Each structure stands twice: as C-alpha cells, then as structure tokens.
file my_file.cif (mmCIF, C-alpha atoms and all ligand atoms)
data_upload
loop_
_atom_site.label_atom_id
_atom_site.label_comp_id
_atom_site.auth_asym_id
_atom_site.auth_seq_id
_atom_site.Cartn_x
_atom_site.Cartn_y
_atom_site.Cartn_z
CA MET A 1 0.00 0.00 0.00
CA LYS A 2 1.20 3.50 -0.82
CA LYS A 3 1.95 6.01 1.91
CA ARG A 4 -0.73 8.68 2.25
CA LEU A 5 0.16 12.32 1.65
CA ASN A 6 -2.28 14.67 3.37
CA ILE A 7 -2.80 17.91 1.47
CA GLY A 8 -3.90 21.23 2.93
CA LEU A 9 -4.88 23.71 0.19
CA VAL A 10 -5.05 27.47 0.85
CA GLY A 11 -7.31 29.35 -1.60
CA TYR A 12 -10.26 28.22 -3.68
CA GLY A 13 -10.18 30.45 -6.75
CA PHE A 14 -9.19 29.52 -10.29
CA MET A 15 -5.90 28.02 -9.13
CA GLY A 16 -7.47 26.19 -6.17
CA ARG A 17 -9.53 24.36 -8.79
CA THR A 18 -6.64 23.53 -11.14
CA HIS A 19 -4.60 22.19 -8.21
CA SER A 20 -7.49 20.19 -6.70
CA ASN A 21 -8.12 18.56 -10.07
CA ALA A 22 -4.43 17.64 -10.25
CA PHE A 23 -4.50 16.09 -6.76
CA LEU A 24 -7.41 13.88 -7.80
CA GLN A 25 -6.25 12.93 -11.28
CA ALA A 26 -2.49 12.40 -10.85
CA PRO A 27 -2.79 9.04 -9.03
CA ARG A 28 -5.39 7.83 -11.55
CA PHE A 29 -3.15 8.28 -14.58
CA PHE A 30 0.40 8.11 -13.18
CA ASP A 31 2.01 5.44 -11.05
CA VAL A 32 2.83 7.98 -8.34
CA SER A 33 4.76 7.21 -5.17
CA TYR A 34 2.14 8.49 -2.69
CA GLU A 35 -1.61 8.31 -2.29
CA PRO A 36 -2.71 11.98 -2.14
CA VAL A 37 -5.47 12.73 0.36
CA LEU A 38 -7.49 15.96 0.11
CA LYS A 39 -7.40 16.56 3.86
CA ALA A 40 -8.34 20.21 4.25
CA VAL A 41 -9.04 23.39 2.31
CA CYS A 42 -8.68 26.83 3.84
CA ALA A 43 -10.26 30.18 2.90
CA ARG A 44 -11.82 33.05 4.85
CA ASN A 45 -15.43 32.66 3.73
CA ALA A 46 -16.80 29.72 5.77
CA ASP A 47 -19.86 29.01 3.60
CA ARG A 48 -17.99 29.11 0.35
CA VAL A 49 -15.07 27.05 1.60
CA ARG A 50 -17.51 24.38 2.78
CA ALA A 51 -19.16 24.34 -0.64
CA PHE A 52 -15.73 24.05 -2.32
CA ALA A 53 -14.76 21.21 0.03
CA ALA A 54 -17.98 19.34 -0.75
CA ASN A 55 -17.51 19.73 -4.50
CA TRP A 56 -13.91 18.53 -4.60
CA GLY A 57 -14.01 16.03 -1.75
CA TYR A 58 -11.90 17.75 0.92
CA GLU A 59 -12.38 16.07 4.31
CA SER A 60 -12.38 19.28 6.36
CA VAL A 61 -12.20 23.07 6.18
CA GLU A 62 -10.30 25.86 7.94
CA THR A 63 -10.87 29.61 7.76
CA ASP A 64 -7.43 30.64 9.08
CA TRP A 65 -4.31 29.43 7.29
CA ARG A 66 -2.41 29.44 10.61
CA ALA A 67 -4.73 26.74 11.92
CA LEU A 68 -4.13 24.71 8.77
CA VAL A 69 -0.33 25.02 9.04
CA ALA A 70 -0.49 24.03 12.75
CA ARG A 71 -2.35 20.79 12.02
CA LYS A 72 -0.33 17.63 12.66
CA ASP A 73 -2.30 15.73 10.02
CA ILE A 74 -1.17 17.93 7.10
CA ASP A 75 1.97 16.87 5.15
CA LEU A 76 1.83 19.27 2.19
CA VAL A 77 0.67 22.90 2.25
CA ASP A 78 -0.35 24.09 -1.21
CA ILE A 79 -0.65 27.87 -1.63
CA ALA A 80 -3.20 28.99 -4.22
CA SER A 81 -4.21 32.25 -2.55
CA PRO A 82 -3.37 35.79 -3.81
CA ASN A 83 0.30 36.82 -4.14
CA ASP A 84 0.47 38.91 -0.94
CA THR A 85 -0.12 35.78 1.15
CA HIS A 86 2.51 33.52 -0.45
CA ALA A 87 5.58 34.45 1.61
CA GLU A 88 4.03 34.38 5.07
CA ILE A 89 2.25 31.07 4.53
CA ALA A 90 5.20 29.38 2.84
CA VAL A 91 7.69 30.41 5.52
CA ALA A 92 5.36 29.25 8.33
CA ALA A 93 4.60 25.98 6.56
CA ALA A 94 8.28 25.21 5.96
CA ARG A 95 9.11 26.01 9.60
CA ALA A 96 6.36 23.58 10.62
CA GLY A 97 8.15 20.93 8.54
CA LYS A 98 5.52 20.75 5.79
CA MET A 99 6.25 20.20 2.12
CA VAL A 100 5.25 23.37 0.24
CA MET A 101 3.89 24.02 -3.22
CA CYS A 102 3.14 27.60 -4.26
CA GLU A 103 1.31 29.26 -7.15
CA LYS A 104 3.36 31.63 -9.32
CA PRO A 105 4.87 34.15 -8.94
CA LEU A 106 6.74 32.88 -5.89
CA GLY A 107 6.87 36.28 -4.14
CA ARG A 108 5.59 39.74 -4.98
CA ASN A 109 9.28 40.55 -5.44
CA ALA A 110 12.64 38.81 -5.11
CA SER A 111 13.10 39.79 -1.49
CA GLU A 112 9.92 37.93 -0.50
CA ALA A 113 10.99 35.01 -2.67
CA GLU A 114 14.41 34.94 -0.96
CA SER A 115 12.78 34.53 2.46
CA MET A 116 10.73 31.63 1.07
CA VAL A 117 13.78 29.92 -0.44
CA ALA A 118 15.67 30.34 2.83
CA ALA A 119 12.78 28.76 4.79
CA VAL A 120 12.31 25.67 2.59
CA GLU A 121 16.06 25.10 2.24
CA ALA A 122 16.66 25.45 6.01
CA ALA A 123 13.81 23.03 6.73
CA LYS A 124 14.92 20.75 3.83
CA VAL A 125 11.31 20.27 2.73
CA PRO A 126 10.32 19.32 -0.83
CA ASN A 127 9.00 22.36 -2.70
CA SER A 128 7.81 23.47 -6.12
CA VAL A 129 6.31 26.52 -7.85
CA TRP A 130 3.34 25.99 -10.20
CA TYR A 131 4.82 27.31 -13.44
CA ASN A 132 2.64 24.82 -15.25
CA TYR A 133 3.60 25.52 -18.86
CA ARG A 134 6.90 23.67 -18.45
CA ARG A 135 4.78 20.53 -18.45
CA VAL A 136 2.94 20.98 -21.71
CA PRO A 137 4.27 17.85 -23.50
CA ALA A 138 5.44 19.90 -26.53
CA VAL A 139 7.38 22.28 -24.25
CA THR A 140 8.87 19.43 -22.20
CA MET A 141 9.90 17.77 -25.45
CA LEU A 142 11.55 20.98 -26.63
CA LYS A 143 13.59 21.07 -23.41
CA GLY A 144 15.01 17.61 -24.24
CA ILE A 145 15.85 18.70 -27.80
CA VAL A 146 17.55 21.93 -26.67
CA ASP A 147 19.54 20.10 -23.99
CA LYS A 148 20.92 17.68 -26.59
CA GLY A 149 22.33 20.67 -28.50
CA THR A 150 20.25 19.89 -31.61
CA LEU A 151 19.67 23.57 -32.40
CA GLY A 152 23.39 24.38 -32.26
CA ARG A 153 24.43 27.81 -31.03
CA ILE A 154 21.36 29.77 -29.91
CA PHE A 155 20.93 33.28 -31.37
CA HIS A 156 17.42 34.37 -30.37
CA TYR A 157 14.71 33.60 -27.82
CA ARG A 158 11.41 35.49 -28.03
CA ALA A 159 8.19 35.12 -26.11
CA GLN A 160 4.84 36.86 -25.78
CA PHE A 161 1.87 36.46 -23.46
CA LEU A 162 -1.13 38.44 -24.71
CA GLN A 163 -4.53 38.97 -23.09
CA ASP A 164 -7.28 41.62 -23.38
CA TRP A 165 -9.45 41.32 -20.27
CA THR A 166 -8.63 44.64 -18.53
CA ILE A 167 -9.20 47.06 -21.42
CA SER A 168 -12.47 48.47 -20.01
CA LYS A 169 -11.85 51.56 -17.87
CA ASP A 170 -14.94 50.61 -15.85
CA LEU A 171 -13.36 47.45 -14.48
CA PRO A 172 -12.62 48.00 -10.78
CA GLN A 173 -9.40 46.98 -9.04
CA GLY A 174 -9.01 44.84 -5.92
CA GLY A 175 -11.09 42.20 -4.20
CA GLU A 176 -11.85 38.68 -5.28
CA GLY A 177 -11.16 37.99 -8.93
CA LEU A 178 -9.65 41.46 -9.44
CA TRP A 179 -6.78 41.40 -6.95
CA ARG A 180 -4.42 41.03 -9.93
CA LEU A 181 -5.11 44.73 -10.62
CA ASP A 182 -4.25 45.83 -7.07
CA VAL A 183 -0.50 46.40 -6.77
CA ALA A 184 -0.49 45.95 -2.98
CA VAL A 185 -1.80 42.40 -3.40
CA ALA A 186 -0.29 41.37 -6.72
CA GLY A 187 3.13 43.06 -6.42
CA SER A 188 3.09 43.99 -10.10
CA GLY A 189 0.81 43.68 -13.11
CA VAL A 190 1.52 41.63 -16.21
CA THR A 191 5.23 41.49 -15.33
CA GLY A 192 4.67 39.13 -12.38
CA ASP A 193 1.53 37.51 -13.78
CA LEU A 194 2.20 36.79 -17.47
CA LEU A 195 5.78 37.78 -18.33
CA ALA A 196 6.84 35.60 -15.39
CA HIS A 197 5.53 32.51 -17.22
CA CYS A 198 7.58 33.47 -20.31
CA ILE A 199 10.67 34.08 -18.17
CA ASP A 200 10.36 30.81 -16.24
CA THR A 201 10.16 28.76 -19.45
CA ALA A 202 13.00 30.75 -21.00
CA LEU A 203 15.38 30.29 -18.05
CA TRP A 204 14.61 26.57 -18.15
CA LEU A 205 15.13 26.21 -21.90
CA ASN A 206 17.88 28.74 -22.59
CA GLY A 207 19.65 29.47 -19.28
CA SER A 208 20.13 32.67 -17.28
CA LEU A 209 19.28 36.18 -18.42
CA THR A 210 22.04 38.61 -17.47
CA SER A 211 20.65 42.07 -18.35
CA VAL A 212 17.42 43.68 -19.48
CA SER A 213 16.16 46.94 -20.95
CA ALA A 214 12.44 47.28 -20.32
CA MET A 215 9.42 49.49 -20.70
CA THR A 216 6.06 49.24 -18.97
CA GLU A 217 2.82 51.17 -19.31
CA THR A 218 -0.30 51.65 -17.20
CA PHE A 219 -2.95 52.62 -19.71
CA ILE A 220 -5.77 53.21 -17.22
CA LYS A 221 -4.37 55.38 -14.43
CA GLU A 222 -7.28 55.25 -11.96
CA ARG A 223 -9.85 52.60 -11.17
CA LYS A 224 -12.47 52.26 -8.49
CA HIS A 225 -11.27 49.97 -5.71
CA THR A 226 -13.75 47.19 -4.96
CA LEU A 227 -13.00 47.23 -1.24
CA THR A 228 -13.04 51.02 -0.58
CA GLY A 229 -15.50 52.06 -3.30
CA HIS A 230 -13.18 55.00 -4.15
CA LEU A 231 -11.38 55.89 -7.35
CA GLN A 232 -7.70 55.09 -6.64
CA PRO A 233 -4.47 55.27 -8.64
CA VAL A 234 -3.58 52.06 -10.47
CA GLY A 235 -0.15 50.83 -9.40
CA ILE A 236 0.24 47.84 -11.68
CA ASP A 237 1.78 47.66 -15.15
CA ASP A 238 -0.80 46.87 -17.86
CA ALA A 239 1.87 46.08 -20.46
CA SER A 240 5.53 45.15 -20.11
CA ALA A 241 8.20 44.47 -22.71
CA PHE A 242 11.95 44.00 -22.62
CA LEU A 243 15.06 43.33 -24.61
CA GLY A 244 17.64 41.22 -22.86
CA ARG A 245 20.83 39.20 -23.06
CA PHE A 246 21.19 35.57 -22.04
CA GLN A 247 24.37 34.21 -20.50
CA ASN A 248 24.81 31.93 -23.56
CA GLY A 249 25.14 35.00 -25.81
CA SER A 250 21.66 34.88 -27.32
CA LEU A 251 19.30 37.84 -27.47
CA ALA A 252 15.92 38.06 -25.75
CA LEU A 253 12.72 39.79 -26.85
CA PHE A 254 9.73 39.50 -24.47
CA GLU A 255 6.29 41.11 -24.28
CA ALA A 256 3.22 40.72 -22.06
CA THR A 257 0.02 42.74 -22.07
CA ARG A 258 -3.64 42.67 -21.06
CA TYR A 259 -4.44 45.18 -23.83
CA ALA A 260 -4.07 43.08 -27.01
CA ARG A 261 -7.71 43.11 -28.16
CA GLY A 262 -8.78 39.67 -29.36
CA HIS A 263 -6.11 37.70 -27.51
CA LYS A 264 -7.34 35.82 -24.43
CA ALA A 265 -4.26 33.85 -23.35
CA LEU A 266 -1.86 33.73 -26.27
CA TYR A 267 1.47 32.53 -24.96
CA THR A 268 3.96 31.96 -27.77
CA LEU A 269 7.66 31.26 -27.71
CA GLU A 270 10.32 30.82 -30.38
CA ILE A 271 13.96 29.84 -30.23
CA ASN A 272 16.33 30.24 -33.16
CA GLY A 273 19.57 28.30 -33.32
CA GLU A 274 22.35 27.86 -35.85
CA HIS A 275 20.86 24.63 -37.24
CA ALA A 276 17.21 24.73 -36.26
CA SER A 277 14.32 26.76 -34.88
CA ALA A 278 11.34 25.79 -32.77
CA ARG A 279 8.08 27.58 -32.11
CA TRP A 280 5.23 26.85 -29.69
CA ASP A 281 1.82 28.44 -29.18
CA LEU A 282 -0.52 27.88 -26.20
CA HIS A 283 -3.60 28.08 -28.45
CA ASP A 284 -2.29 25.05 -30.32
CA LEU A 285 -0.49 23.56 -27.35
CA HIS A 286 -0.11 19.99 -28.58
CA ARG A 287 1.96 21.08 -31.59
CA LEU A 288 5.65 21.91 -31.82
CA GLN A 289 6.68 23.80 -34.96
CA TRP A 290 10.15 22.75 -36.04
CA PHE A 291 12.50 23.83 -38.83
CA ASP A 292 15.81 22.04 -39.40
CA HIS A 293 18.22 23.54 -41.91
CA ARG A 294 20.00 20.17 -42.15
CA ASP A 295 16.97 18.60 -43.83
CA ASP A 296 17.87 17.96 -47.43
CA GLY A 297 16.18 18.96 -50.66
CA PRO A 298 13.21 20.98 -51.81
CA LEU A 299 10.91 19.69 -49.04
CA ARG A 300 12.94 21.42 -46.35
CA GLY A 301 10.50 23.57 -44.39
CA TRP A 302 8.58 24.02 -41.15
CA ARG A 303 7.14 20.82 -39.69
CA SER A 304 4.20 20.78 -37.35
CA VAL A 305 4.71 17.90 -34.94
CA HIS A 306 1.52 16.67 -33.25
CA VAL A 307 2.90 15.87 -29.79
CA THR A 308 0.39 13.16 -28.89
CA ASP A 309 2.29 9.93 -29.44
CA GLY A 310 3.25 7.44 -26.75
CA GLU A 311 6.93 8.36 -27.11
CA HIS A 312 6.20 12.03 -26.37
CA PRO A 313 6.61 13.29 -22.76
CA TYR A 314 3.72 12.29 -20.45
CA MET A 315 1.54 11.13 -23.39
CA ALA A 316 1.85 7.37 -22.84
CA ARG A 317 -0.20 7.91 -19.66
CA TRP A 318 -3.16 9.40 -21.51
CA TRP A 319 -5.42 8.16 -24.30
CA VAL A 320 -4.22 6.66 -27.57
CA PRO A 321 -1.82 8.26 -30.10
CA GLY A 322 -3.36 11.24 -31.88
CA LEU A 323 -5.79 12.22 -29.11
CA GLN A 324 -5.09 15.52 -27.42
CA ILE A 325 -4.87 16.68 -23.85
CA GLY A 326 -5.12 20.28 -22.57
CA TYR A 327 -4.35 22.98 -20.04
CA GLU A 328 -5.42 21.13 -16.89
CA HIS A 329 -3.07 18.25 -17.67
CA THR A 330 -0.03 20.48 -17.14
CA PHE A 331 -0.97 20.73 -13.45
CA ILE A 332 -1.57 16.98 -13.24
CA HIS A 333 1.90 16.36 -14.71
CA GLN A 334 3.53 18.75 -12.25
CA PHE A 335 1.83 17.15 -9.28
CA ALA A 336 2.75 13.62 -10.43
CA ASP A 337 6.39 14.75 -10.76
CA PHE A 338 6.20 16.42 -7.36
CA LEU A 339 4.99 13.24 -5.66
CA ASP A 340 7.81 11.20 -7.19
CA ALA A 341 10.44 13.74 -6.17
CA ALA A 342 8.98 14.15 -2.66
CA ALA A 343 9.08 10.39 -2.10
CA LYS A 344 12.87 10.65 -2.53
CA GLY A 345 13.02 13.69 -0.25
CA GLN A 346 13.61 15.94 -3.27
CA SER A 347 11.91 18.95 -4.83
CA ALA A 348 10.35 19.07 -8.28
CA GLN A 349 11.38 21.70 -10.82
CA PRO A 350 10.70 24.57 -10.81
CA THR A 351 11.83 24.66 -7.19
CA PHE A 352 11.46 27.72 -4.98
CA ARG A 353 15.01 28.63 -5.98
CA ASP A 354 13.98 28.50 -9.64
CA GLY A 355 10.97 30.70 -8.76
CA LEU A 356 13.35 33.17 -7.13
CA ALA A 357 15.40 33.30 -10.36
CA THR A 358 12.27 34.44 -12.22
CA ASP A 359 11.47 37.03 -9.54
CA LEU A 360 15.01 38.41 -9.88
CA VAL A 361 14.37 38.93 -13.60
CA THR A 362 10.95 40.56 -13.06
CA ASP A 363 12.49 42.86 -10.43
CA ALA A 364 15.18 43.87 -12.96
CA VAL A 365 12.51 44.44 -15.64
CA LEU A 366 10.52 46.76 -13.35
CA LYS A 367 13.70 48.53 -12.23
CA SER A 368 14.78 49.10 -15.83
CA ALA A 369 11.32 50.39 -16.79
CA ARG A 370 11.64 52.95 -13.96
CA SER A 371 15.25 53.94 -14.59
CA GLY A 372 15.16 53.91 -18.40
CA GLN A 373 18.53 52.12 -18.24
CA TRP A 374 19.79 48.61 -18.90
CA GLU A 375 19.80 46.72 -15.59
CA HIS A 376 21.76 43.64 -14.53
CA VAL A 377 19.86 40.60 -13.34
CA ALA A 378 21.07 39.28 -10.00
CA ILE A 379 22.01 35.62 -10.35
CA THR A 380 20.76 32.98 -7.95
CA GLN A 381 22.56 29.67 -7.42
CA GLN A 382 21.32 26.66 -9.33
CA ALA A 383 18.54 24.83 -7.54
CA GLU A 384 19.43 21.66 -5.64
CA VAL A 385 16.82 19.06 -6.49
C1 LIG B 1 -4.26 35.77 -15.65
O1 LIG B 1 -5.42 36.00 -16.37
C2 LIG B 1 -3.91 34.28 -15.69
O2 LIG B 1 -4.94 33.55 -15.09
C3 LIG B 1 -2.59 34.02 -14.96
O3 LIG B 1 -2.68 34.38 -13.60
C4 LIG B 1 -2.19 32.57 -15.14
O4 LIG B 1 -0.96 32.32 -14.49
C5 LIG B 1 -2.07 32.28 -16.63
O5 LIG B 1 -1.66 30.96 -16.84
C6 LIG B 1 -3.39 32.54 -17.32
O6 LIG B 1 -3.77 33.88 -17.05
#

call {"tool": "encode", "arguments": {"input": "my_file.cif", "output": "structure tokens"}}
result
Amino acid sequence: MKKRLNIGLVGYGFMGRTHSNAFLQAPRFFDVSYEPVLKAVCARNADRVRAFAANWGYESVETDWRALVARKDIDLVDIASPNDTHAEIAVAAARAGKMVMCEKPLGRNASEAESMVAAVEAAKVPNSVWYNYRRVPAVTMLKGIVDKGTLGRIFHYRAQFLQDWTISKDLPQGGEGLWRLDVAVAGSGVTGDLLAHCIDTALWLNGSLTSVSAMTETFIKERKHTLTGHLQPVGIDDASAFLGRFQNGSLALFEATRYARGHKALYTLEINGEHASARWDLHDLHRLQWFDHRDDGPLRGWRSVHVTDGEHPYMARWWVPGLQIGYEHTFIHQFADFLDAAAKGQSAQPTFRDGLATDLVTDAVLKSARSGQWEHVAITQQAEV
C-alpha cells in the first residue's frame, strides 16, 4: 500500500480548482509514489469554503491558514491564494516541517521570494512553484531537444503572453477575482503575472538572463477599488516588454500585455539556433513547430509535430496516439512529478530557488522600466533538487 500524503490547500479560486483537479487525477493516470489525500481546504469565507470542500471532496475546512499550518495531520501545504499571502504562509509551513507548493509568482518581489527559499532550504522540505507551462508535453519535449544541443548555437529567444481582459476603464481593481489589478496584493501587473511565465520557461530552456532593458505602461491610471468604493491610482503595469541578453550569448525579446484586443491567453515562444528553430503556441499547445536547416532537398520547411504519441513526454499515460490533452493536464503532470520527487526527499522543478530566479528577472525588468537604463539581473545559485 502506498503512503498517504495529506494535502492542505489554501485558496479556492481559479488556481485552487486547477490544483485540486491535479490532486485527484495524478494518481489515476500516473504510477505515483504516494496516495494523495485531500485533507483540508482553507479560505476566509466559511460558507464558500464548505461548498468548495464538498464539490472537490476535501475532508475538512479551515478559515485561518495558521490553523491549517499548525495541524499535525497535514503533510503538504499548497498555496493557491493571492500573491500577498505567499511568503508568510510558505515560511510558516516550511518552519512547521511541511512540504510546500506555491502558485506563481513565488513572491511579490525577489526579497519575498528569498525569504521563502531560505525557509524551505533550512527546513529541507520538498517544494515546487506551479509554473505549469513547463509541463505541456510539446514544451517538455523541446527542453530535451535543446539540452541535446540539436539547435546548435542559440541566437534568439522570443516570447509573448497576450490577453485583453482589462481594457475596459470601468473594471474595478481589488477584491476577489480582481486582486491582480491591485498592486499591494499582486506586487506587479503583467510582469509578475504573465511575463513571469515566459521568463520561467526561458530560463529553463535557454539558461540565465544577465541584463534587461524594459518598458512598462499603465494605460488606465485610476480605477475604483472594490474594497473602498473610491477611485484610486492604479499601481500595476498593464503592459511590459523587454530586450535582454542571455548568459549563452543569445538575445531576448519578451512582451506581455492585457491590452491586445482579441487575444485571451496567447502565450507563444520561439527559439532560433544555428541549425534549427522551434516555435510553440498555447492556443495550439499539442503542436511543436520545427524547422531544421539540415533537412535535405526541396521539401525542407517548417514541420508541425503533433505531440500526442506514446513516445512524447507524459503522453503514454493518456489516451491513444493522436488524441489531445489540454491545459489542466499540465498541473496533473507537475503534481505527479512532485509526488515522485517528494518520495525521494527531493523537490520538483521549478523549485522555490527557480521561482526566485524568475522574480530576480521581473524585479530587474521593473527597475529598468523605472530607470530607463539597462539593468543587470542578479544571479541565484542553481537549484538543488
Ligand atoms: C491571468 O489571467 C492568468 O490567469 C494568470 O494568472 C495565469 O498564471 C495564466 O496561466 C493565465 O492567465
């Protein structure tokens, strides 16, 4: 019989649902090393947390995260609450000896993230940050190809994450569902929310970024605050873009915005090497576009690889070749990997230290946007997993 792993989830929003689904599905499709148990869910609204618990099958509820962290019957604390709560909960959970998983971004800034890394590393508890797009099979496959050196010397890496949901000036800021627009809660706007995904994947695929030159814009300067009812200045960045340099000599071009009318969640990335290029698009997530200059003859051109075969990462666990999976599976894959790593006393990538590396880049991006200068990115040590 497998050892039980009792999970305590904090937060029941969009991410509370993606994580809960992963907890339930991972052991059904992957031969994981633990039996996950949905032990408790915690949120401030007692009625709604009870309804969430009933829907997903949590055994109990808490309305104060401190009570959850103090419970002896919780092994893993999973943080899916707004960004301003991440550091305090993670540090307390690690000190209580719990394994910790945390939604992205790790901290509202690198200094919060540093305190979280220090806590999990001092307590030696398995940890991971939910940068889920690493575990889209096409992206995971690209990592293997890049690591083999198939592309040759890398010249360019570019990424975009485009949305359009905050264009209306009548949208308020703050409160449930809209805390991403409140700088005190979110830490930043699209830089920490969307650009952070692009940066995490890039650091994983193409190594460290060393310097950035950025610009940000806040198109709507004042919005009513849901909690106070008053018109208040908007402190987040609505759009963020940067040029950068990677340690391997390649050039970076990144953009994120919530003002690209028509785009709902268009995350695209492209990497250009001496021999080959690859391109991936979240709206067509099961495909990897590939061009190899070494292909011979007049049929040389872009290939569109349908990443759904048994030999592709994670896919042997799903349906039959040719049938697709989607967004929610990336969380299932991450949780399955986490359970296997945790059973060996290890962390699953991206670890908290990897999450800190992304926060160091987003801090440099915001600093550069303020200063109008190129800024160096502080380097964190490689994660120990
Ligand atoms: C914002 O709209 C958001 O939900 C992000 O917070 C997620 O991280 C991203 O994956 C989708 O968009």

call {"tool": "residues_around", "arguments": {"input": "my_file.cif", "residues": "Arg294 in chain A", "least_positions_apart": "2", "cutoff": "7 Å", "atoms": "all atoms listed in the file", "output": "PyMOL selection string"}}
result
chain A and resi 275+292+296

call {"tool": "residues_near_ligand", "arguments": {"input": "my_file.cif", "ligand": "ligand LIG 1 (chain B)", "cutoff": "7 Å", "atoms": "only C-alpha atoms and all ligand atoms", "output": "list of chain:residue names"}}
result
A:Lys104, A:Asp193, A:Leu194, A:Ala265

call {"tool": "residues_around", "arguments": {"input": "my_file.cif", "residues": "range 156-171 of chain A", "least_positions_apart": "6", "cutoff": "7 Å", "atoms": "only C-alpha atoms", "output": "JSON, numbers by chain"}}
result
{"A": [194, 195, 198, 220, 250, 251, 252, 253, 254, 255, 256, 257, 258, 259, 260, 261, 262, 263, 264, 265, 266, 267, 268, 269, 270, 271, 272]}

call {"tool": "closest_residue", "arguments": {"input": "my_file.cif", "among": "A:Ile154, A:Met141, A:Ala122, A:Ala342", "to": "Ser33 in chain A", "atoms": "only C-alpha atoms"}}
result
A:Ala342

call {"tool": "closest_residue", "arguments": {"input": "my_file.cif", "among": "A:Val320, A:Asn206, A:Ala138, A:Ser20", "to": "Ser304 in chain A", "atoms": "all atoms listed in the file"}}
result
A:Ala138

call {"tool": "residues_around", "arguments": {"input": "my_file.cif", "residues": "Met215 in chain A", "least_positions_apart": "2", "cutoff": "10 Å", "atoms": "only C-alpha atoms", "output": "JSON, numbers by chain"}}
result
{"A": [212, 213, 217, 237, 239, 240, 241, 242, 243, 255, 365, 366, 367, 368, 369, 370, 371, 372, 373]}

call {"tool": "closest_residue", "arguments": {"input": "my_file.cif", "among": "A:Ala22, A:Leu178, A:Met116, A:Leu323", "to": "Arg353 in chain A", "atoms": "all atoms listed in the file"}}
result
A:Met116

call {"tool": "closest_residue", "arguments": {"input": "my_file.cif", "among": "A:Asp182, A:Asp281, A:Asp200, A:Arg50", "to": "Gln232 in chain A", "atoms": "only C-alpha atoms"}}
result
A:Asp182

call {"tool": "residues_around", "arguments": {"input": "my_file.cif", "residues": "Asp84 in chain A", "least_positions_apart": "2", "cutoff": "9 Å", "atoms": "all atoms listed in the file", "output": "PDB file with C-alpha atoms, in the frame of the given file"}}
result
ATOM      1  CA  SER A  81      -4.210  32.250  -2.550  1.00  0.00           C
ATOM      2  CA  PRO A  82      -3.370  35.790  -3.810  1.00  0.00           C
ATOM      3  CA  HIS A  86       2.510  33.520  -0.450  1.00  0.00           C
ATOM      4  CA  ALA A  87       5.580  34.450   1.610  1.00  0.00           C
ATOM      5  CA  GLU A  88       4.030  34.380   5.070  1.00  0.00           C
ATOM      6  CA  GLY A 107       6.870  36.280  -4.140  1.00  0.00           C
ATOM      7  CA  ARG A 108       5.590  39.740  -4.980  1.00  0.00           C
ATOM      8  CA  ALA A 184      -0.490  45.950  -2.980  1.00  0.00           C
ATOM      9  CA  VAL A 185      -1.800  42.400  -3.400  1.00  0.00           C
ATOM     10  CA  ALA A 186      -0.290  41.370  -6.720  1.00  0.00           C
ATOM     11  CA  GLY A 187       3.130  43.060  -6.420  1.00  0.00           C
TER      12      GLY A 187
END

call {"tool": "closest_residue", "arguments": {"input": "my_file.cif", "among": "A:Thr210, A:Lys72, A:Arg135, A:Val37", "to": "Leu282 in chain A", "atoms": "only C-alpha atoms"}}
result
A:Arg135

call {"tool": "residues_near_point", "arguments": {"input": "my_file.cif", "point": "(-10.8, 45.9, -8.3)", "cutoff": "10 Å", "atoms": "all atoms listed in the file", "output": "JSON, numbers by chain"}}
result
{"A": [170, 171, 172, 173, 174, 175, 176, 177, 178, 179, 180, 181, 182, 223, 224, 225, 226, 227, 228, 229, 232, 234]}

call {"tool": "closest_residue", "arguments": {"input": "my_file.cif", "among": "A:Thr216, A:Ser111, A:Asn248, A:Thr150", "to": "Ala357 in chain A", "atoms": "only C-alpha atoms"}}
result
A:Ser111

call {"tool": "residues_around", "arguments": {"input": "my_file.cif", "residues": "Tyr314 in chain A", "least_positions_apart": "4", "cutoff": "10 Å", "atoms": "all atoms listed in the file", "output": "ChimeraX atom specification"}}
result
/A:29-30,135-138,140-141,308-310,318,329-330,333

call {"tool": "closest_atom_pairs", "arguments": {"input": "my_file.cif", "of": "range 127-167 of chain A", "to": "range 2-19 of chain A", "cutoff": "12 Å", "atoms": "all atoms listed in the file", "output": "tab-separated table"}}
result
residue	atom	partner	partner_atom	distance
A:Val129	CA	A:His19	CA	11.7
A:Trp130	CA	A:His19	CA	9.0
A:Tyr131	CA	A:Met15	CA	11.6
A:Asn132	CA	A:Thr18	CA	10.2

call {"tool": "atom_distance", "arguments": {"input": "my_file.cif", "atom1": "CA of Phe246 in chain A", "atom2": "CA of Asn109 in chain A"}}
result
21.0 Å

call {"tool": "residues_near_point", "arguments": {"input": "my_file.cif", "point": "(4.4, 34.1, 8.8)", "cutoff": "12 Å", "atoms": "all atoms listed in the file", "output": "number ranges by chain"}}
result
A: 65-66, 69-70, 84-96, 112, 115-116, 119

call {"tool": "decode", "arguments": {"input": "my_file.cif", "residues": "range 182-193 of chain A", "atoms": "N, CA and C atoms", "output": "compact mmCIF listing (two decimals), in the first residue's frame"}}
result
# COMPACT_ATOMS: atom_id res chain seq x y z
N ASP A 182 -4.58 45.05 -8.27
CA ASP A 182 -4.25 45.83 -7.07
C ASP A 182 -2.77 45.58 -6.73
N VAL A 183 -1.95 46.60 -6.91
CA VAL A 183 -0.50 46.40 -6.77
C VAL A 183 -0.11 45.92 -5.37
N ALA A 184 -0.85 46.35 -4.35
CA ALA A 184 -0.49 45.95 -2.98
C ALA A 184 -0.63 44.43 -2.81
N VAL A 185 -1.56 43.85 -3.51
CA VAL A 185 -1.80 42.40 -3.40
C VAL A 185 -0.94 41.63 -4.42
N ALA A 186 -0.94 42.12 -5.65
CA ALA A 186 -0.29 41.37 -6.72
C ALA A 186 1.23 41.59 -6.77
N GLY A 187 1.69 42.76 -6.34
CA GLY A 187 3.13 43.06 -6.42
C GLY A 187 3.46 43.80 -7.70
N SER A 188 2.94 43.31 -8.81
CA SER A 188 3.09 43.99 -10.10
C SER A 188 1.93 43.55 -10.97
N GLY A 189 1.90 44.04 -12.20
CA GLY A 189 0.81 43.68 -13.11
C GLY A 189 1.20 42.51 -13.99
N VAL A 190 1.22 42.74 -15.29
CA VAL A 190 1.52 41.63 -16.21
C VAL A 190 2.96 41.13 -16.05
N THR A 191 3.83 41.95 -15.47
CA THR A 191 5.23 41.49 -15.33
C THR A 191 5.30 40.24 -14.45
N GLY A 192 4.64 40.30 -13.28
CA GLY A 192 4.67 39.13 -12.38
C GLY A 192 3.67 38.06 -12.76
N ASP A 193 2.62 38.45 -13.50
CA ASP A 193 1.53 37.51 -13.78
C ASP A 193 1.77 36.73 -15.08
